[in-house]
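Have a look at entry31.cif below; it lists mmCIF, C-alpha atoms.
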data_model
loop_
_atom_site.label_atom_id
_atom_site.label_comp_id
_atom_site.auth_asym_id
_atom_site.auth_seq_id
_atom_site.Cartn_x
_atom_site.Cartn_y
_atom_site.Cartn_z
CA MET Z 276 64.71 138.36 141.52
CA SER Z 277 61.12 138.37 142.64
CA SER Z 278 59.47 139.24 145.91
CA PRO Z 279 56.78 136.92 147.29
CA SER Z 280 54.01 136.56 144.74
CA HIS Z 281 50.52 137.86 145.32
CA VAL Z 282 48.73 134.78 143.99
CA ALA Z 283 45.83 133.46 146.06
CA GLU Z 284 46.52 130.84 148.74
CA THR Z 285 44.62 128.16 146.82
CA PRO Z 286 45.87 124.61 147.59
CA ILE Z 287 47.17 122.56 144.67
CA THR Z 288 45.87 119.02 144.46
CA ASP Z 289 46.62 118.02 140.87
CA ARG Z 290 49.43 118.47 138.35
CA ASN Z 291 46.88 119.61 135.78
CA GLU Z 292 46.34 122.75 137.84
CA LEU Z 293 49.99 123.65 137.25
CA VAL Z 294 49.56 123.15 133.51
CA ALA Z 295 46.42 125.29 133.61
CA THR Z 296 48.39 128.09 135.26
CA LEU Z 297 50.64 128.36 132.20
CA ALA Z 298 47.69 128.02 129.81
CA SER Z 299 45.93 130.86 131.64
CA GLY Z 300 48.57 133.21 130.26
CA GLU Z 301 47.13 132.91 126.74
CA LYS Z 302 45.84 136.22 125.37
CA PRO Z 303 44.46 137.35 122.01
CA LYS Z 304 46.92 139.47 120.05
CA ALA Z 305 45.02 142.67 120.81
CA GLN Z 306 45.80 142.14 124.50
CA TRP Z 307 49.53 141.41 124.16
CA ARG Z 308 51.60 143.70 126.32
CA ILE Z 309 55.26 144.50 127.03
CA GLY Z 310 56.76 144.30 130.51
CA THR Z 311 60.33 145.54 130.83
CA GLU Z 312 62.59 144.99 133.84
CA HIS Z 313 66.06 146.33 134.47
CA GLU Z 314 68.60 146.36 137.29
CA LYS Z 315 71.36 148.84 138.13
CA PHE Z 316 74.26 149.20 140.54
CA GLY Z 317 74.24 151.90 143.17
CA PHE Z 318 77.46 153.57 144.30
CA ARG Z 319 78.47 156.33 146.70
CA LEU Z 320 79.82 159.33 144.83
CA ASP Z 321 82.70 159.91 147.25
CA ASP Z 322 84.27 156.44 147.35
CA LEU Z 323 82.35 154.50 144.64
CA ARG Z 324 81.42 151.78 147.14
CA PRO Z 325 77.98 150.15 146.92
CA PRO Z 326 75.57 151.56 149.50
CA THR Z 327 74.51 149.37 152.39
CA PHE Z 328 70.86 148.84 153.23
CA ASP Z 329 71.01 150.84 156.45
CA GLY Z 330 72.17 154.37 157.13
CA GLU Z 331 71.41 157.92 156.05
CA ARG Z 332 72.76 157.14 152.55
CA GLY Z 333 71.53 153.56 152.42
CA ILE Z 334 69.24 151.75 150.03
CA GLU Z 335 66.30 151.87 152.46
CA ALA Z 336 66.69 155.65 152.62
CA LEU Z 337 66.58 155.74 148.82
CA LEU Z 338 63.40 153.66 148.75
CA THR Z 339 61.83 155.88 151.40
CA GLY Z 340 62.77 158.94 149.37
CA LEU Z 341 61.08 157.54 146.27
CA THR Z 342 57.74 157.37 148.09
CA ARG Z 343 57.40 161.13 147.42
CA PHE Z 344 56.55 160.13 143.83
CA GLY Z 345 53.56 158.03 144.88
CA TRP Z 346 55.31 154.70 145.41
CA ALA Z 347 53.82 152.62 148.24
CA PRO Z 348 56.31 150.82 150.50
CA VAL Z 349 56.43 147.03 150.86
CA ILE Z 350 57.48 146.00 154.36
CA GLU Z 351 59.29 142.82 155.40
CA GLY Z 352 60.48 142.39 158.97
CA GLY Z 353 59.63 146.01 159.68
CA ARG Z 354 61.88 147.32 156.88
CA THR Z 355 61.04 148.84 153.50
CA ILE Z 356 62.33 146.35 150.94
CA ALA Z 357 60.29 147.25 147.83
CA LEU Z 358 57.85 149.77 146.33
CA LEU Z 359 54.61 149.49 144.34
CA ARG Z 360 52.87 151.94 141.98
CA ASP Z 361 50.48 151.56 139.07
CA ASN Z 362 51.16 147.85 138.49
CA ALA Z 363 54.93 148.42 138.56
CA SER Z 364 57.40 147.73 141.35
CA VAL Z 365 60.85 148.72 142.53
CA THR Z 366 62.65 145.83 144.20
CA LEU Z 367 66.10 144.96 145.48
CA GLU Z 368 68.51 142.35 144.23
CA PRO Z 369 70.66 140.64 146.90
CA ALA Z 370 73.42 143.28 147.05
CA GLY Z 371 71.10 146.25 146.68
CA GLN Z 372 70.96 146.40 142.90
CA LEU Z 373 67.84 148.44 142.24
CA GLU Z 374 65.29 146.86 139.88
CA LEU Z 375 62.35 148.43 138.11
CA SER Z 376 59.74 145.84 137.11
CA GLY Z 377 57.64 147.88 134.76
CA ALA Z 378 53.92 147.69 134.18
CA ALA Z 379 52.52 145.76 131.22
CA VAL Z 380 52.22 148.43 128.53
CA GLU Z 381 51.12 148.50 124.90
CA THR Z 382 54.15 149.94 123.09
CA ILE Z 383 57.89 150.49 123.36
CA HIS Z 384 57.12 154.21 123.49
CA HIS Z 385 55.27 153.62 126.75
CA THR Z 386 57.94 151.41 128.28
CA CYS Z 387 60.68 153.89 127.37
CA VAL Z 388 58.79 156.77 129.00
CA GLU Z 389 58.21 154.60 132.07
CA THR Z 390 61.91 153.74 132.29
CA GLY Z 391 62.97 157.34 131.78
CA THR Z 392 60.57 158.56 134.46
CA HIS Z 393 61.92 155.99 136.91
CA LEU Z 394 65.55 156.91 136.19
CA ASN Z 395 64.74 160.60 136.70
CA GLU Z 396 63.03 159.90 140.01
CA VAL Z 397 65.95 157.77 141.19
CA ALA Z 398 68.43 160.45 140.12
CA GLN Z 399 66.62 163.11 142.15
CA VAL Z 400 66.61 161.09 145.37
CA ALA Z 401 70.05 159.57 144.81
CA GLY Z 402 71.56 163.01 144.24
CA GLU Z 403 70.32 164.15 147.65
CA LEU Z 404 71.98 161.08 149.19
CA GLN Z 405 75.19 161.55 147.20
CA LEU Z 406 74.60 158.28 145.37
CA GLY Z 407 74.90 157.39 141.71
CA PHE Z 408 73.65 154.49 139.60
CA LEU Z 409 75.37 152.56 136.85
CA GLY Z 410 73.92 150.25 134.22
CA MET Z 411 76.13 147.39 133.03
CA GLY Z 412 76.22 143.61 133.35
CA PHE Z 413 78.78 143.04 136.11
CA GLN Z 414 80.10 145.10 139.02
CA PRO Z 415 83.35 146.47 137.56
CA LYS Z 416 85.30 147.31 140.73
CA TRP Z 417 84.32 145.63 143.99
CA THR Z 418 84.91 142.07 145.16
CA ARG Z 419 82.16 139.68 146.18
CA ASP Z 420 83.10 140.15 149.85
CA GLU Z 421 82.82 143.94 149.50
CA MET Z 422 79.21 143.76 148.33
CA PRO Z 423 76.48 144.31 150.96
CA TRP Z 424 73.52 141.98 151.52
CA MET Z 425 69.91 143.08 151.67
CA PRO Z 426 67.68 141.83 154.55
CA LYS Z 427 65.32 139.67 152.48
CA GLY Z 428 64.49 136.20 153.71
CA ARG Z 429 64.75 134.42 150.36
CA TYR Z 430 68.26 135.79 149.82
CA LYS Z 431 69.51 134.31 153.09
CA ILE Z 432 68.32 130.88 151.94
CA MET Z 433 69.84 131.28 148.46
CA ARG Z 434 73.10 132.61 149.90
CA ASP Z 435 73.53 129.47 151.97
CA TYR Z 436 72.51 127.12 149.14
CA MET Z 437 74.35 128.57 146.14
CA PRO Z 438 77.90 127.44 147.07
CA LYS Z 439 76.63 123.84 147.22
CA VAL Z 440 75.65 123.78 143.53
CA GLY Z 441 78.13 126.07 141.71
CA SER Z 442 81.10 128.35 142.17
CA LEU Z 443 79.63 131.58 140.75
CA GLY Z 444 76.12 131.69 142.22
CA LEU Z 445 77.01 134.29 144.82
CA ASP Z 446 78.50 136.46 142.08
CA MET Z 447 75.25 136.12 140.14
CA MET Z 448 73.36 137.32 143.20
CA THR Z 449 75.58 140.19 144.25
CA ARG Z 450 77.48 141.44 141.21
CA THR Z 451 75.25 141.15 138.12
CA CYS Z 452 72.58 143.31 136.50
CA THR Z 453 70.34 142.55 133.53
CA VAL Z 454 67.58 144.00 131.39
CA GLN Z 455 64.78 141.70 130.28
CA VAL Z 456 61.38 141.87 128.63
CA ASN Z 457 58.29 139.79 129.33
CA LEU Z 458 56.06 139.00 126.34
CA ASP Z 459 52.71 137.30 125.77
CA TYR Z 460 51.54 134.40 123.66
CA ALA Z 461 48.16 133.55 122.10
CA THR Z 462 48.09 129.75 122.22
CA GLU Z 463 50.26 126.84 123.25
CA ALA Z 464 51.57 126.55 119.69
CA ASP Z 465 52.38 130.27 119.63
CA MET Z 466 54.22 129.92 122.95
CA VAL Z 467 56.26 127.00 121.62
CA LYS Z 468 57.30 128.84 118.46
CA LYS Z 469 58.25 131.99 120.39
CA PHE Z 470 60.10 129.95 123.01
CA ARG Z 471 62.17 128.17 120.36
CA VAL Z 472 63.00 131.33 118.41
CA SER Z 473 63.92 133.35 121.49
CA LEU Z 474 65.98 130.54 123.02
CA ALA Z 475 67.97 130.04 119.80
CA LEU Z 476 68.52 133.81 119.41
CA GLN Z 477 69.20 134.59 123.08
CA PRO Z 478 72.99 134.43 122.49
CA ILE Z 479 72.55 137.08 119.79
CA ALA Z 480 70.97 139.41 122.33
CA THR Z 481 73.80 138.58 124.75
CA ALA Z 482 76.33 139.60 122.08
CA LEU Z 483 74.57 142.85 121.15
CA PHE Z 484 74.20 143.92 124.79
CA ALA Z 485 77.57 142.59 126.02
CA ASP Z 486 78.72 145.03 128.69
CA SER Z 487 80.58 143.28 131.50
CA PRO Z 488 84.29 143.12 130.61
CA PHE Z 489 85.74 144.04 134.03
CA THR Z 490 86.19 142.20 137.31
CA GLU Z 491 87.67 143.96 140.34
CA GLY Z 492 89.06 146.79 138.24
CA LYS Z 493 90.71 144.72 135.51
CA PRO Z 494 89.64 143.20 132.18
CA ASN Z 495 88.32 139.69 132.75
CA GLY Z 496 88.70 138.34 129.21
CA PHE Z 497 84.96 138.31 128.58
CA GLN Z 498 82.56 140.55 126.73
CA SER Z 499 79.64 139.44 128.92
CA TYR Z 500 81.01 138.02 132.14
CA ARG Z 501 77.45 138.19 133.50
CA SER Z 502 76.39 135.64 130.90
CA HIS Z 503 79.37 133.41 131.69
CA ILE Z 504 78.45 133.40 135.38
CA TRP Z 505 75.22 131.55 134.62
CA THR Z 506 77.24 128.59 133.30
CA ASP Z 507 78.46 127.80 136.84
CA THR Z 508 75.61 128.99 139.04
CA ASP Z 509 73.28 125.99 139.39
CA ASN Z 510 72.87 123.61 136.48
CA ASP Z 511 69.61 122.27 137.92
CA ARG Z 512 67.89 125.56 137.09
CA THR Z 513 69.84 127.27 134.29
CA GLY Z 514 70.75 126.68 130.66
CA MET Z 515 69.37 126.33 127.13
CA LEU Z 516 66.56 123.80 127.83
CA ASP Z 517 67.20 121.44 124.92
CA PHE Z 518 63.82 119.77 125.47
CA VAL Z 519 62.07 122.91 124.19
CA PHE Z 520 63.12 121.90 120.67
CA GLU Z 521 61.86 118.32 120.99
CA ASP Z 522 58.64 117.13 119.37
CA GLY Z 523 55.69 117.38 121.71
CA PHE Z 524 57.02 120.23 123.80
CA GLY Z 525 54.33 122.30 125.49
CA TYR Z 526 52.97 123.39 128.85
CA GLU Z 527 53.08 119.87 130.33
CA ARG Z 528 56.73 119.32 129.52
CA TYR Z 529 57.68 122.67 131.05
CA VAL Z 530 55.72 121.84 134.20
CA ASP Z 531 57.62 118.56 134.47
CA TYR Z 532 60.90 120.50 134.15
CA LEU Z 533 59.86 122.87 136.93
CA LEU Z 534 58.79 120.00 139.17
CA ASP Z 535 62.32 118.63 138.88
CA VAL Z 536 63.96 121.99 139.74
CA PRO Z 537 64.96 121.80 143.44
CA MET Z 538 63.10 124.20 145.69
CA TYR Z 539 64.51 127.16 147.57
CA PHE Z 540 61.72 128.02 150.02
CA SER Z 541 58.05 128.22 150.89
CA TYR Z 542 56.69 131.57 152.08
CA ARG Z 543 54.06 131.06 154.79
CA ASP Z 544 52.62 133.48 157.34
CA GLY Z 545 55.15 136.18 156.51
CA LYS Z 546 58.12 133.82 156.91
CA TYR Z 547 60.45 132.05 154.49
CA HIS Z 548 60.81 128.33 155.27
CA ASP Z 549 64.09 126.90 153.99
CA ALA Z 550 63.28 124.10 151.54
CA SER Z 551 66.54 124.38 149.60
CA GLY Z 552 67.28 121.27 147.61
CA GLN Z 553 63.92 119.69 148.42
CA SER Z 554 61.38 118.45 145.87
CA PHE Z 555 58.21 120.19 144.76
CA ARG Z 556 56.95 116.73 143.77
CA ASP Z 557 57.21 115.72 147.44
CA PHE Z 558 55.41 118.93 148.38
CA MET Z 559 52.54 117.93 146.07
CA VAL Z 560 51.90 114.82 148.17
CA GLY Z 561 52.42 116.43 151.57
CA LYS Z 562 55.92 115.06 152.10
CA LEU Z 563 58.04 118.22 152.05
CA PRO Z 564 60.47 117.77 154.96
CA VAL Z 565 60.34 121.40 156.05
CA LEU Z 566 56.49 121.49 156.03
CA PRO Z 567 55.39 117.89 156.67
CA GLY Z 568 51.78 117.17 155.90
CA GLN Z 569 51.19 120.50 154.16
CA LEU Z 570 50.28 120.91 150.50
CA PRO Z 571 51.54 123.66 148.20
CA THR Z 572 49.39 126.59 147.18
CA LEU Z 573 49.26 128.41 143.87
CA ARG Z 574 51.45 131.04 145.50
CA ASP Z 575 54.05 128.39 146.31
CA TRP Z 576 53.97 127.37 142.65
CA SER Z 577 54.18 130.96 141.45
CA ASP Z 578 57.18 131.55 143.73
CA HIS Z 579 58.81 128.30 142.60
CA MET Z 580 58.52 129.31 138.93
CA THR Z 581 60.67 132.36 139.71
CA THR Z 582 63.50 130.18 141.04
CA ALA Z 583 64.30 128.59 137.67
CA PHE Z 584 66.79 130.68 135.70
CA PRO Z 585 67.01 129.39 132.11
CA GLU Z 586 67.96 131.69 129.23
CA VAL Z 587 64.25 132.06 128.46
CA ARG Z 588 61.74 131.50 131.27
CA LEU Z 589 58.06 130.61 130.95
CA LYS Z 590 55.58 131.78 133.54
CA LYS Z 591 52.28 133.19 132.28
CA TYR Z 592 54.45 134.93 129.70
CA LEU Z 593 57.92 134.46 128.24
CA GLU Z 594 60.90 136.23 129.79
CA MET Z 595 63.94 137.11 127.67
CA ARG Z 596 66.88 136.79 130.08
CA GLY Z 597 70.08 137.03 128.02
CA ALA Z 598 71.11 140.70 128.09
CA ASP Z 599 73.47 142.78 130.21
CA ALA Z 600 72.02 145.96 131.70
CA GLY Z 601 73.03 149.26 130.16
CA PRO Z 602 72.09 152.90 129.56
CA TRP Z 603 68.57 154.18 128.94
CA SER Z 604 68.84 153.75 125.16
CA ARG Z 605 69.58 150.03 125.45
CA LEU Z 606 66.92 149.56 128.14
CA CYS Z 607 64.49 150.65 125.42
CA ALA Z 608 66.25 148.68 122.67
CA LEU Z 609 66.00 145.30 124.40
CA PRO Z 610 62.18 145.16 124.41
CA ALA Z 611 62.15 146.65 120.91
CA PHE Z 612 64.40 143.86 119.63
CA TRP Z 613 62.20 141.08 120.97
CA VAL Z 614 58.86 142.72 120.21
CA GLY Z 615 60.02 143.23 116.63
CA LEU Z 616 60.92 139.55 116.34
CA LEU Z 617 58.02 137.96 118.22
CA TYR Z 618 54.93 140.19 117.98
CA ASP Z 619 54.66 140.32 114.18
CA ASP Z 620 53.65 137.11 112.39
CA ALA Z 621 55.88 137.64 109.36
CA ALA Z 622 58.85 138.52 111.58
CA LEU Z 623 58.30 135.47 113.76
CA ASP Z 624 58.20 133.27 110.66
CA ALA Z 625 61.40 134.87 109.34
CA ALA Z 626 63.13 134.49 112.71
CA TRP Z 627 62.15 130.82 112.85
CA ASP Z 628 63.51 130.33 109.33
CA LEU Z 629 66.78 131.87 110.55
CA VAL Z 630 67.22 129.42 113.43
CA ARG Z 631 65.15 126.32 112.63
CA ASP Z 632 68.09 124.28 111.31
CA PHE Z 633 70.48 125.15 114.16
CA SER Z 634 71.69 121.88 115.62
CA LEU Z 635 71.83 121.26 119.35
CA ALA Z 636 75.62 121.51 119.14
CA GLU Z 637 75.40 124.83 117.33
CA ARG Z 638 72.97 126.29 119.86
CA HIS Z 639 75.31 125.32 122.66
CA ALA Z 640 78.35 126.62 120.81
CA LEU Z 641 76.64 130.00 120.54
CA ARG Z 642 75.63 130.00 124.21
CA ASP Z 643 79.09 128.94 125.39
CA GLY Z 644 81.14 131.11 123.02
CA VAL Z 645 79.28 134.42 123.00
CA PRO Z 646 80.12 135.47 126.60
CA ARG Z 647 83.80 135.62 125.67
CA HIS Z 648 83.73 136.58 121.97
CA ALA Z 649 80.32 138.26 121.44
CA LEU Z 650 79.88 139.45 117.83
CA LYS Z 651 83.26 138.06 116.77
CA LEU Z 652 82.39 134.43 117.54
CA PRO Z 653 82.64 132.33 114.34
CA PHE Z 654 79.42 130.67 113.22
CA ARG Z 655 79.13 128.54 110.10
CA ASN Z 656 80.60 130.60 107.24
CA GLY Z 657 80.52 133.88 109.12
CA THR Z 658 80.25 135.27 112.63
CA VAL Z 659 77.63 136.09 115.25
CA ARG Z 660 77.74 139.62 113.89
CA ASP Z 661 76.18 138.28 110.68
CA LEU Z 662 73.44 136.59 112.68
CA ALA Z 663 72.87 139.77 114.65
CA ARG Z 664 72.56 141.80 111.46
CA ALA Z 665 69.99 139.35 110.07
CA ALA Z 666 67.99 139.26 113.32
CA LEU Z 667 68.04 143.04 113.59
CA GLU Z 668 66.76 143.40 110.02
CA ILE Z 669 63.85 141.11 110.85
CA ALA Z 670 63.10 143.02 114.07
CA VAL Z 671 63.13 146.41 112.34
CA ALA Z 672 60.70 145.17 109.70
CA GLY Z 673 58.48 143.67 112.39
CA LEU Z 674 58.27 146.96 114.28
CA LYS Z 675 57.52 148.89 111.11
CA ARG Z 676 54.65 146.53 110.30
CA ARG Z 677 53.36 146.88 113.88
CA ALA Z 678 53.09 150.59 113.14
CA ALA Z 679 52.68 151.57 116.79
CA LEU Z 680 53.14 155.33 116.46
CA ASN Z 681 53.96 157.98 119.04
CA ALA Z 682 52.56 161.51 119.07
CA ASP Z 683 55.13 162.55 116.46
CA GLY Z 684 54.13 159.77 114.09
CA GLN Z 685 57.26 157.66 114.73
CA ASP Z 686 57.01 153.90 114.84
CA GLU Z 687 59.02 151.82 117.32
CA SER Z 688 61.85 150.85 114.96
CA HIS Z 689 64.01 153.87 115.90
CA PHE Z 690 64.60 152.28 119.31
CA LEU Z 691 66.82 149.77 117.48
CA ASP Z 692 69.16 152.45 116.11
CA VAL Z 693 71.57 151.91 119.01
CA LEU Z 694 71.81 148.21 118.14
CA GLN Z 695 72.21 148.95 114.43
CA GLU Z 696 75.21 151.11 115.29
CA ILE Z 697 76.73 148.24 117.28
CA VAL Z 698 76.27 145.83 114.37
CA ASP Z 699 77.56 148.33 111.79
CA SER Z 700 80.68 149.14 113.81
CA GLY Z 701 81.24 145.60 115.07
CA LEU Z 702 82.00 147.12 118.48
CA THR Z 703 80.04 146.04 121.53
CA PRO Z 704 79.55 148.23 124.61
CA ALA Z 705 82.25 146.08 126.24
CA ASP Z 706 84.66 146.86 123.38
CA ARG Z 707 84.12 150.59 123.85
CA LYS Z 708 84.72 150.46 127.59
CA LEU Z 709 87.87 148.37 127.12
CA ALA Z 710 89.20 150.93 124.64
CA LEU Z 711 88.64 153.72 127.15
CA PHE Z 712 90.19 151.67 129.95
CA ASN Z 713 93.33 150.98 127.92
CA GLY Z 714 93.41 154.52 126.53
CA GLU Z 715 92.38 157.74 128.23
CA TRP Z 716 91.57 156.08 131.57
CA ASN Z 717 95.15 154.75 131.85
CA GLN Z 718 93.87 151.36 133.06
CA ASN Z 719 92.01 152.93 135.98
CA ILE Z 720 88.44 151.70 136.38
CA ASP Z 721 87.22 154.65 138.46
CA PRO Z 722 86.38 157.01 135.54
CA LEU Z 723 83.81 154.47 134.35
CA PHE Z 724 81.53 155.43 137.26
CA LYS Z 725 81.51 159.06 136.13
CA HIS Z 726 81.31 158.53 132.37
CA PHE Z 727 78.55 155.91 132.40
CA ALA Z 728 76.37 156.77 135.39
CA TYR Z 729 72.71 157.47 134.65
#
As structure tokens - that is how I would like this structure written.
Amino acid sequence: MSSPSHVAETPITDRNELVATLASGEKPKAQWRIGTEHEKFGFRLDDLRPPTFDGERGIEALLTGLTRFGWAPVIEGGRTIALLRDNASVTLEPAGQLELSGAAVETIHHTCVETGTHLNEVAQVAGELQLGFLGMGFQPKWTRDEMPWMPKGRYKIMRDYMPKVGSLGLDMMTRTCTVQVNLDYATEADMVKKFRVSLALQPIATALFADSPFTEGKPNGFQSYRSHIWTDTDNDRTGMLDFVFEDGFGYERYVDYLLDVPMYFSYRDGKYHDASGQSFRDFMVGKLPVLPGQLPTLRDWSDHMTTAFPEVRLKKYLEMRGADAGPWSRLCALPAFWVGLLYDDAALDAAWDLVRDFSLAERHALRDGVPRHALKLPFRNGTVRDLARAALEIAVAGLKRRAALNADGQDESHFLDVLQEIVDSGLTPADRKLALFNGEWNQNIDPLFKHFAY
């Protein structure tokens, strides 16, 4: 989840300004970049509990320790709650999950080096604090009540609001981790095509990256419980956005969707004002109950865009939001998968051909069925595994045509090897952890923290 945006405090007086904000994201292909974000769970090595914010071994101490690597602290209420460096940031999710929001880089090679550097820095500081970090989609051991809360104003507002609109929103906040990639578009038509392809194929990414089969130390019956949680978080701001596939979809229609998403807050003068459940449309005419007579700014709009949580999210770029977090190799594979599909014209055409005749019912069947069944979910005359194999073949070809080479002359397609192995074996990361749990771990979840820590 985002920190307050750094957009200028320019008042908004017209809906067209909101449309123009999305259009301003258009970039020529030569300027397309890749921004990768991932979250991870911290745990204390002695008792496996998540670290609190305070204390000698707390999350704030970790953030302070990372400043030795040139990260600048971000202060809220006198406390360090985030870090900035070279157009990247380290931020906190509600229960202290640590997130790297990477810089916008040119290739997967760059983003993988960036991620590896970050994980190494975290490991150095965490080791001194006797902390470890784990990448997977859902907290495998601790209950919701055992998770700490970080002292960020927006999280207090969301914590109070979530139980009013769904039963799993607090789990989403405190017990999930994801990896996502943010990608550019050239024109409105290019955005629409990429949005439709990525929305239709988001369940395929969920299946390939499925890695959240445990709740409170026991199997939960799901491959990606993280993905399931979004189905009962807040239906006003989540889901598959069926309107994206309707004729005439574009920036204006997405703005209208966002205007109908209930607000969470407005950040003014260093303070979060609770606007939960209130209307941004009312804000546009100076009738927001919490700030009567005031008009929104572009920063309010930028913040509001971050409070919608569909499977694919449009800001000034497209965010792919369907994958569970995982180890370093899959943190590199997720951007590779989507770049291969969306940044090569022939691959984008092939991906659209793959999904263009999916019916609304089929898209929803994939979204609803994949969290439990992943690659094994039946689809038409085959399974999701068949779809994943086809999508992966397109992505590999797209990366090879991109021909973005590293110093050793390798293109980016090798980052997909880990996904090819999943498709070839038919075994998801969740399957492998379940086999260990029921085998050599003797149905004890604790070894997971040792075997799969970064």
Original post:
What lies within 8 Å of Asp721 (chain Z) using all atoms listed in the file, ignoring chain neighbours under 3 positions off, as an MDAnalysis selection string?
Top reply: chainID Z and resid 323 416 724:725
Original post:
Using all atoms listed in the file, which residues sit within 7 Å of Pro537 (chain Z) once same-chain residues fewer than 6 positions away are excluded, as a PyMOL selection string?
Top reply: chain Z and resi 551-554
Original post:
Separation of CA of Phe633 (chain Z) and CA of Ala480 (chain Z), in Å?
Top reply: 16.4 Å
Original post:
Got a sec to resolve the PyMOL selection byres ((chain Z and resi 343-357) around 9) on this structure and send the residues as a ChimeraX atom specification?
Top reply: /Z:278,334-336,338-342,358-361,364-367,396,425-428,545
Original post:
Selected by the PyMOL selection byres ((chain Z and resi 627) around 10) in the shown coordinates: which residues, as a list in words?
Top reply: Lys468, Lys469, Arg471, Val472, Ser473, Ala475, Leu476, Leu616, Leu617, Ala621, Ala622, Leu623, Asp624, Ala625, Ala626, Asp628, Leu629, Val630, Arg631 and Asp632 of chain Z
Original post:
Within 8 Å of region 438-448 of chain Z, counting only C-alpha atoms, which residues qualify if same-chain residues fewer than 4 places away don't, as a ChimeraX atom specification?
Top reply: /Z:368-370,419,434,501,504-505,507-510
For region 610-634 of chain Z against region 597-603 of chain Z, with a cut-off of 12 Å and counting only C-alpha atoms, what is the closest atom pair and its distance in Å to one decimal for every residue that makes the cut, ordered by chain and number, as CSV?
residue,atom,partner,partner_atom,distance
Z:Pro610,CA,Z:Ala598,CA,10.6
Z:Phe612,CA,Z:Ala598,CA,11.3
Z:Trp613,CA,Z:Gly597,CA,11.3
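Omitting Tyr526 (chain Z) and its sequence neighbours fewer than 4 positions away, and counting all atoms listed in the file, the residues within 10 Å are Asn291, Leu293, Val294, Ala295, Thr296, Leu297, Ala298, Glu463, Ala464, Met466, Val467, Val530, Asp531, Tyr532, Leu589 and Lys590 of chain Z.
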Original post:
What is the distance, in Å and to one decimal place, between CA of Asp686 (chain Z) and CA of His313 (chain Z)?
Top reply: 22.9 Å
Subject >> Spatial sel., origin (56.8, 142.0, 121.4), limit 12 Å, all atoms listed in the file, listed as JSON, numbers by chain >> reply: {"Z": [304, 305, 306, 307, 308, 309, 310, 311, 379, 380, 381, 382, 383, 386, 455, 456, 457, 458, 459, 460, 469, 473, 592, 593, 594, 595, 608, 609, 610, 611, 612, 613, 614, 615, 616, 617, 618, 619, 620, 622, 623, 670, 671, 673, 674, 677, 679, 687]}
**OP:** With all atoms listed in the file counted, which protein, DNA or RNA residues have an atom no more than 8 Å from (86.1, 148.2, 132.1) in the file frame? Please answer as number ranges by chain.
**Re:** Z: 415, 487-490, 492-494, 705, 708-709, 711-712, 720, 723
Original post:
Any idea what's packed within 9 Å of Gly701 (chain Z), counting all atoms listed in the file, ignoring anything in its chain fewer than 3 positions away? Could you give it as an MDAnalysis selection string?
Top reply: chainID Z and resid 650:651 660 696:698
Return as a short mmCIF file (atom, residue, chain, number, x, y, z; two decimals) with C-alpha atoms, in the frame of the given file the set of residues that the PyMOL selection byres ((chain Z and resi 400-408) around 8) yields on the displayed structure.
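Just written: part_1.cif:
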data_model
loop_
_atom_site.label_atom_id
_atom_site.label_comp_id
_atom_site.auth_asym_id
_atom_site.auth_seq_id
_atom_site.Cartn_x
_atom_site.Cartn_y
_atom_site.Cartn_z
CA LYS Z 315 71.36 148.84 138.13
CA PHE Z 316 74.26 149.20 140.54
CA GLY Z 317 74.24 151.90 143.17
CA PHE Z 318 77.46 153.57 144.30
CA ARG Z 319 78.47 156.33 146.70
CA LEU Z 320 79.82 159.33 144.83
CA ASP Z 321 82.70 159.91 147.25
CA PRO Z 326 75.57 151.56 149.50
CA GLU Z 331 71.41 157.92 156.05
CA ARG Z 332 72.76 157.14 152.55
CA LEU Z 337 66.58 155.74 148.82
CA GLY Z 340 62.77 158.94 149.37
CA LEU Z 341 61.08 157.54 146.27
CA GLU Z 396 63.03 159.90 140.01
CA VAL Z 397 65.95 157.77 141.19
CA ALA Z 398 68.43 160.45 140.12
CA GLN Z 399 66.62 163.11 142.15
CA LEU Z 409 75.37 152.56 136.85
CA GLY Z 410 73.92 150.25 134.22
CA ALA Z 728 76.37 156.77 135.39
CA TYR Z 729 72.71 157.47 134.65
#
**OP:** Enter the distance from CA of Glu421 (chain Z) to CA of Asp706 (chain Z), in Å, rounded to one decimal.
**Re:**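 Between CA of Glu421 (chain Z) and CA of Asp706 (chain Z) the gap is 26.3 Å.
With distances restricted to all atoms listed in the file, Z:Pro478 is the closest residue to Phe654 (chain Z) from Z:Pro478, Z:Asp289, Z:Gly525, Z:Met433.
Among the candidate residues Z:Asp575, Z:Asp643, Z:Glu527, Z:Glu314, the one lying nearest to Glu284 (chain Z) is Z:Asp575, with distances computed using all atoms listed in the file.
Considering all atoms listed in the file, the residue among Z:Thr513, Z:Thr572, Z:Thr703, Z:Gln477 positioned nearest to Thr288 (chain Z) is Z:Thr572.
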